[in-house]
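Encoded as structure tokens, the structure appears first; notes follow it.
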Amino acid sequence: QVQLVESGGGLVQDGGSLRLSCAASGRTFSTYNMGWFRQAPGKEREFVGAIVWSVGSTYYVDSVRGRFTISRDIAKNTLYLQMNSLKPEDTAVYYCASRQRPTVVPISLAREYDYWGQGTQVTVSS
């Protein structure tokens, strides 16, 4: 079992920045991939970005590429999402997810992840 706890969400103005954190505990030694997803009201959950845990390679959805950056601290078992130049359309609940099955590339499909956090709200005001 892996437990994931997100933090860092909040209210920010258009063009502002936030950094989300996702602290992992439990059987984290078998983590291969972690990702960030988001879900806006009335919309389906959307992939934001992912990282291959061991090597740090990343992949982002086009709408956030160049504005958002995923990183991780292996010693702390913590995943980060630095969000810059935020827009009102970035408003959503943001979830982190962990995949414990082997992969060598970042995974964008939600069904490929094994564990999920409870989510943290990000609201960008115009």
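For the structure tokens, the naming scheme is as follows: chains receive sequential letters (A, B, ...) according to their order of presentation, residues are indexed from 1 within each chain, and ligands are indexed from 1 in presentation order.
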Using only C-alpha atoms, which residues sit within 7 Å of Ala24 in chain A once same-chain residues fewer than 6 positions away are excluded, as a PyMOL selection string?
chain A and resi 2-5+77-78
Closest-contact table, range 83-113 of chain A side, partner range 46-63 of chain A, 8 Å, counting only C-alpha atoms, as a Markdown table:
| residue | atom | partner | partner_atom | distance |
| --- | --- | --- | --- | --- |
| A:Thr103 | CA | A:Val52 | CA | 7.6 |
| A:Val104 | CA | A:Val52 | CA | 6.7 |
| A:Val105 | CA | A:Val52 | CA | 6.1 |
| A:Pro106 | CA | A:Ile51 | CA | 5.2 |
| A:Ile107 | CA | A:Ala50 | CA | 6.2 |
| A:Ser108 | CA | A:Phe47 | CA | 5.9 |
| A:Leu109 | CA | A:Phe47 | CA | 7.2 |
| A:Ala110 | CA | A:Phe47 | CA | 7.3 |
Store the residues picked out above in a file with N, CA, C and O atoms, as a CSV table (one decimal), in the first residue's frame.
chain,number,residue,atom,x,y,z
A,103,THR,N,7.7,0.7,-15.5
A,103,THR,CA,7.6,1.5,-16.7
A,103,THR,C,8.9,2.3,-16.9
A,103,THR,O,9.6,2.6,-16.0
A,104,VAL,N,9.2,2.6,-18.2
A,104,VAL,CA,10.4,3.3,-18.4
A,104,VAL,C,10.1,4.7,-19.0
A,104,VAL,O,11.0,5.5,-19.3
A,105,VAL,N,8.8,5.0,-19.2
A,105,VAL,CA,8.4,6.2,-19.8
A,105,VAL,C,7.3,6.8,-18.9
A,105,VAL,O,6.6,6.1,-18.2
A,106,PRO,N,7.1,8.1,-18.9
A,106,PRO,CA,6.0,8.7,-18.1
A,106,PRO,C,4.7,8.3,-18.6
A,106,PRO,O,4.5,8.2,-19.8
A,107,ILE,N,3.7,8.0,-17.7
A,107,ILE,CA,2.4,7.5,-18.1
A,107,ILE,C,1.4,8.5,-18.0
A,107,ILE,O,1.3,9.2,-16.9
A,108,SER,N,0.5,8.6,-19.0
A,108,SER,CA,-0.5,9.7,-19.0
A,108,SER,C,-1.9,9.1,-18.8
A,108,SER,O,-2.8,9.9,-18.6
A,109,LEU,N,-2.1,7.8,-18.7
A,109,LEU,CA,-3.4,7.2,-18.6
A,109,LEU,C,-3.7,7.0,-17.1
A,109,LEU,O,-3.0,6.3,-16.4
A,110,ALA,N,-4.9,7.5,-16.7
A,110,ALA,CA,-5.2,7.4,-15.3
A,110,ALA,C,-5.4,6.0,-14.8
A,110,ALA,O,-5.0,5.6,-13.7
If you run DSSP on the backbone, which residues of range 44-77 of chain A are strand (DSSP E or B), as a PyMOL selection string?
chain A and resi 46-52+58-60+65+68-73
Can you list, as number ranges by chain, every protein, DNA or RNA residue that comes within 10 Å of Gln118 in chain A when you count only C-alpha atoms, leaving out same-chain residues fewer than 4 positions away?
A: 3-7, 93-97
Output N, CA, C and O atoms of each residue in that selection to a file, as a PDB file, in the first residue's frame.
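Saved as selection.pdb:
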ATOM      1  N   GLN A   3       0.397   5.514   0.482  1.00  0.00           N
ATOM      2  CA  GLN A   3      -0.476   6.629   0.832  1.00  0.00           C
ATOM      3  C   GLN A   3       0.105   7.916   0.237  1.00  0.00           C
ATOM      4  O   GLN A   3       1.320   8.152   0.335  1.00  0.00           O
ATOM      5  N   LEU A   4      -0.772   8.704  -0.354  1.00  0.00           N
ATOM      6  CA  LEU A   4      -0.360   9.947  -1.003  1.00  0.00           C
ATOM      7  C   LEU A   4      -1.145  11.105  -0.401  1.00  0.00           C
ATOM      8  O   LEU A   4      -2.373  11.037  -0.309  1.00  0.00           O
ATOM      9  N   VAL A   5      -0.448  12.161  -0.026  1.00  0.00           N
ATOM     10  CA  VAL A   5      -1.104  13.321   0.559  1.00  0.00           C
ATOM     11  C   VAL A   5      -0.627  14.573  -0.167  1.00  0.00           C
ATOM     12  O   VAL A   5       0.560  14.920  -0.102  1.00  0.00           O
ATOM     13  N   GLU A   6      -1.562  15.250  -0.841  1.00  0.00           N
ATOM     14  CA  GLU A   6      -1.232  16.491  -1.541  1.00  0.00           C
ATOM     15  C   GLU A   6      -1.385  17.680  -0.607  1.00  0.00           C
ATOM     16  O   GLU A   6      -2.180  17.660   0.327  1.00  0.00           O
ATOM     17  N   SER A   7      -0.635  18.728  -0.922  1.00  0.00           N
ATOM     18  CA  SER A   7      -0.749  19.991  -0.203  1.00  0.00           C
ATOM     19  C   SER A   7      -0.286  21.111  -1.115  1.00  0.00           C
ATOM     20  O   SER A   7       0.313  20.857  -2.171  1.00  0.00           O
ATOM     21  N   VAL A  93      -9.381  20.607  -8.995  1.00  0.00           N
ATOM     22  CA  VAL A  93      -8.780  19.824  -7.919  1.00  0.00           C
ATOM     23  C   VAL A  93      -7.635  19.036  -8.541  1.00  0.00           C
ATOM     24  O   VAL A  93      -7.827  18.352  -9.554  1.00  0.00           O
ATOM     25  N   TYR A  94      -6.476  19.138  -7.935  1.00  0.00           N
ATOM     26  CA  TYR A  94      -5.277  18.477  -8.451  1.00  0.00           C
ATOM     27  C   TYR A  94      -4.980  17.239  -7.614  1.00  0.00           C
ATOM     28  O   TYR A  94      -4.972  17.304  -6.375  1.00  0.00           O
ATOM     29  N   TYR A  95      -4.742  16.142  -8.318  1.00  0.00           N
ATOM     30  CA  TYR A  95      -4.470  14.862  -7.677  1.00  0.00           C
ATOM     31  C   TYR A  95      -3.092  14.358  -8.083  1.00  0.00           C
ATOM     32  O   TYR A  95      -2.692  14.481  -9.244  1.00  0.00           O
ATOM     33  N   CYS A  96      -2.399  13.752  -7.142  1.00  0.00           N
ATOM     34  CA  CYS A  96      -1.199  13.018  -7.519  1.00  0.00           C
ATOM     35  C   CYS A  96      -1.523  11.529  -7.512  1.00  0.00           C
ATOM     36  O   CYS A  96      -2.453  11.080  -6.835  1.00  0.00           O
ATOM     37  N   ALA A  97      -0.767  10.789  -8.284  1.00  0.00           N
ATOM     38  CA  ALA A  97      -0.987   9.365  -8.430  1.00  0.00           C
ATOM     39  C   ALA A  97       0.346   8.654  -8.536  1.00  0.00           C
ATOM     40  O   ALA A  97       1.329   9.221  -9.020  1.00  0.00           O
TER      41      ALA A  97
END
Can you pull out every residue within 12 Å of Phe29 in chain A, counting only C-alpha atoms, but drop anything in the same chain fewer than 2 positions away, and send it as a ChimeraX atom specification?
/A:1-2,24-27,31-33,53-54,74-77,98-102
Would you save the residues of that selection, restricted to N, CA, C and O atoms, as a tab-separated table (two decimals), in the first residue's frame?
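To be explicit, this is the file written out as part_5.tsv:
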chain	number	residue	atom	x	y	z
A	1	GLN	N	0.84	-1.20	0.00
A	1	GLN	CA	0.00	0.00	0.00
A	1	GLN	C	0.88	1.25	0.00
A	1	GLN	O	1.95	1.27	0.60
A	2	VAL	N	0.39	2.25	-0.70
A	2	VAL	CA	1.06	3.55	-0.74
A	2	VAL	C	0.01	4.61	-0.39
A	2	VAL	O	-1.09	4.59	-0.92
A	24	ALA	N	4.54	10.86	-0.26
A	24	ALA	CA	4.21	9.44	-0.35
A	24	ALA	C	4.76	8.69	0.84
A	24	ALA	O	5.86	8.98	1.34
A	25	SER	N	4.00	7.71	1.33
A	25	SER	CA	4.44	6.86	2.42
A	25	SER	C	3.95	5.44	2.16
A	25	SER	O	3.09	5.21	1.32
A	26	GLY	N	4.53	4.50	2.88
A	26	GLY	CA	4.18	3.11	2.67
A	26	GLY	C	5.22	2.42	1.80
A	26	GLY	O	6.40	2.66	1.94
A	27	ARG	N	4.76	1.60	0.85
A	27	ARG	CA	5.65	0.81	0.01
A	27	ARG	C	6.19	1.63	-1.16
A	27	ARG	O	6.06	1.27	-2.33
A	31	THR	N	7.98	2.37	-6.35
A	31	THR	CA	7.38	3.39	-7.21
A	31	THR	C	8.16	3.51	-8.52
A	31	THR	O	9.38	3.67	-8.50
A	32	TYR	N	7.46	3.45	-9.63
A	32	TYR	CA	8.09	3.58	-10.93
A	32	TYR	C	7.73	4.88	-11.62
A	32	TYR	O	8.51	5.42	-12.40
A	33	ASN	N	6.55	5.37	-11.35
A	33	ASN	CA	6.05	6.53	-12.08
A	33	ASN	C	5.09	7.28	-11.16
A	33	ASN	O	4.35	6.65	-10.41
A	53	TRP	N	10.11	7.92	-11.90
A	53	TRP	CA	10.66	8.22	-10.58
A	53	TRP	C	12.18	8.07	-10.51
A	53	TRP	O	12.87	8.89	-9.94
A	54	SER	N	12.70	7.02	-11.09
A	54	SER	CA	14.12	6.71	-10.92
A	54	SER	C	15.03	7.64	-11.73
A	54	SER	O	16.11	8.01	-11.27
A	74	ILE	N	13.68	12.25	-4.05
A	74	ILE	CA	13.63	10.81	-3.77
A	74	ILE	C	13.83	10.52	-2.29
A	74	ILE	O	13.16	9.67	-1.72
A	75	ALA	N	14.72	11.25	-1.65
A	75	ALA	CA	15.00	11.01	-0.23
A	75	ALA	C	13.77	11.29	0.63
A	75	ALA	O	13.56	10.64	1.66
A	76	LYS	N	12.96	12.26	0.21
A	76	LYS	CA	11.77	12.62	0.97
A	76	LYS	C	10.53	11.94	0.46
A	76	LYS	O	9.44	12.15	1.00
A	77	ASN	N	10.66	11.17	-0.62
A	77	ASN	CA	9.48	10.52	-1.23
A	77	ASN	C	8.39	11.53	-1.52
A	77	ASN	O	7.21	11.30	-1.22
A	98	SER	N	0.34	7.41	-8.12
A	98	SER	CA	1.56	6.61	-8.10
A	98	SER	C	1.32	5.28	-8.81
A	98	SER	O	0.27	4.67	-8.67
A	99	ARG	N	2.33	4.90	-9.57
A	99	ARG	CA	2.27	3.61	-10.26
A	99	ARG	C	3.38	2.72	-9.72
A	99	ARG	O	4.56	3.12	-9.73
A	100	GLN	N	3.00	1.52	-9.28
A	100	GLN	CA	3.98	0.62	-8.68
A	100	GLN	C	4.43	-0.47	-9.65
A	100	GLN	O	5.26	-1.31	-9.29
A	101	ARG	N	3.91	-0.44	-10.86
A	101	ARG	CA	4.31	-1.44	-11.86
A	101	ARG	C	5.37	-0.83	-12.77
A	101	ARG	O	5.37	0.37	-13.02
A	102	PRO	N	6.28	-1.68	-13.28
A	102	PRO	CA	7.41	-1.16	-14.05
A	102	PRO	C	7.01	-0.37	-15.28
A	102	PRO	O	6.08	-0.73	-16.00
CA of Arg19 in chain A and CA of Asn84 in chain A, how far apart in Å?
8.5 Å
When you draw a straight line from CA of Phe68 in chain A to CA of Leu81 in chain A, how long is it in Å?
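Here the two named atoms are 6.7 Å from each other.
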Please report the interatomic distance between CA of Lys87 in chain A and CA of Asp14 in chain A in Å with one decimal.
5.1 Å
Which residue gives the smallest distance to Leu20 in chain A among A:Arg72, A:Leu79, A:Gly35, A:Asp114, with only C-alpha atoms counted?
A:Leu79
Residues within 7 Å of Ser17 in chain A, please, as a PyMOL selection string. Count only C-alpha atoms; anything in the same chain fewer than 4 positions from it doesn't count.
chain A and resi 83-86
Just list the residues in range 3-122 of chain A DSSP gives helix (DSSP H, G or I) on the backbone, as a PyMOL selection string.
chain A and resi 28-30+88-90+110-112
